[in-house]
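Notes follow the structure.
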Amino acid sequence: MINEKSIDFKPLNKILELFSNISSSDLIPILQEIQLEYGYLPQPVIQEMNRKTGIPLNRIFGVATFYEQFHLEPHGRHTIRCCRGTACHVKGGSDVINAVKRHLGIEPGETTKDMRYTFETVACLGTCFLAPVMMVNNDYYGRLTVHKIKNIIDEYA
């Protein structure tokens with residue numbers, strides 16, 4: 001985890017050098033690069049980006065909070081997303097969510113203390129035919145049962 005009091009702005013400077021004549025249309029690619037480098041979007045980095053680019057803070061935070069790909073808080077190495085959509089709910093999705101909560105010891109929206117996992121629930125993962133379904137990073141797991149959860153998560157330990 002990054003100590004925000006001692007953030008190194010060198011990576012930000014290198015990222016900004018990749019873009020010439022920076023405008024608001026560069027905002028998403030810049031934020032993607034910042035998150036790739038820092039693991040999330042630290043507020044001091046965003047403020048320094050605003051200072052260097054002139055892109056208004058409200059525009060930066062508006063984009064960063066609109067798109068789910070961006071994280072304003074430190075995020076775990078692995079992201080687990082459980083679907084809470086209708087098809088998953090009908091086929092036991094809430095049991096899967098509860099099993100993940102029990103196994104990780106955290107609630108949706110939280111990250112484990114070791115920074116290994118962040119747990120999220122989402123409205124839909126777009127794979128209703130696999131219900132109930134979850135993702136770990138970019139890997140889909142479908143037709144889940146409570147008994148499969150521990151082994152799947154432990155694959156990423």
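Following the order of the structure tokens, first chain is A, next is B, and so on, with residues numbered from 1 inside each chain and ligands from 1 in the order they appear.
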Quick one: pick out all strand (DSSP E or B) residues within region 71-130 of chain A from a backbone DSSP run and write them as a ChimeraX atom specification. /A:78-83,111,117-122
Excluding Asp139 (chain A) and its own-chain neighbours fewer than 2 positions away, which residues fall within 12 Å of it when counting only C-alpha atoms? Please give them as a ChimeraX atom specification. /A:78-82,125,133-137,141-142,152-153,155-156
Would you return as a VMD selection string the members of chain A that DSSP assigns to alpha helix (DSSP H) on this structure's backbone? chain A and resid 10 to 17 27 to 38 43 to 53 57 to 66 86 to 90 93 to 104 146 to 154
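Residue neighbourhood of Glu107 (chain A), excluding near-sequence residues (fewer than 5 positions): A:Ile80, A:Arg81, A:Cys82, A:Ile97, A:Asn98, A:Ala99, A:Val100, A:Lys101, A:Arg102, A:Thr112, A:Tyr117, A:Thr118, A:Phe119, A:Glu120, A:Thr121, at 12 Å, using only C-alpha atoms.
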Polymer residues at most 10 Å from Val63 (chain A), only C-alpha atoms, same-chain spacing of 4 or more positions, as a PyMOL selection string: chain A and resi 27-28+31+57-59+67-68+70
In terms of only C-alpha atoms, the residue from A:Cys83, A:His89, A:Asn13, A:Ile34 at minimal distance from Lys52 (chain A) is A:Asn13
Could you give me, as a ChimeraX atom specification, the residues within 12 Å of Ile55 (chain A), counting only C-alpha atoms and dropping anything in the same chain fewer than 4 positions from it? /A:21-28,30-31,46-51,59-63
Using only C-alpha atoms, determine which residues lie at most 12 Å from Lys14 (chain A), disregarding the query and same-chain residues fewer than 3 positions distant; provide the list as JSON, numbers by chain. {"A": [8, 9, 10, 11, 17, 18, 19, 20, 30, 33, 34, 37, 49]}
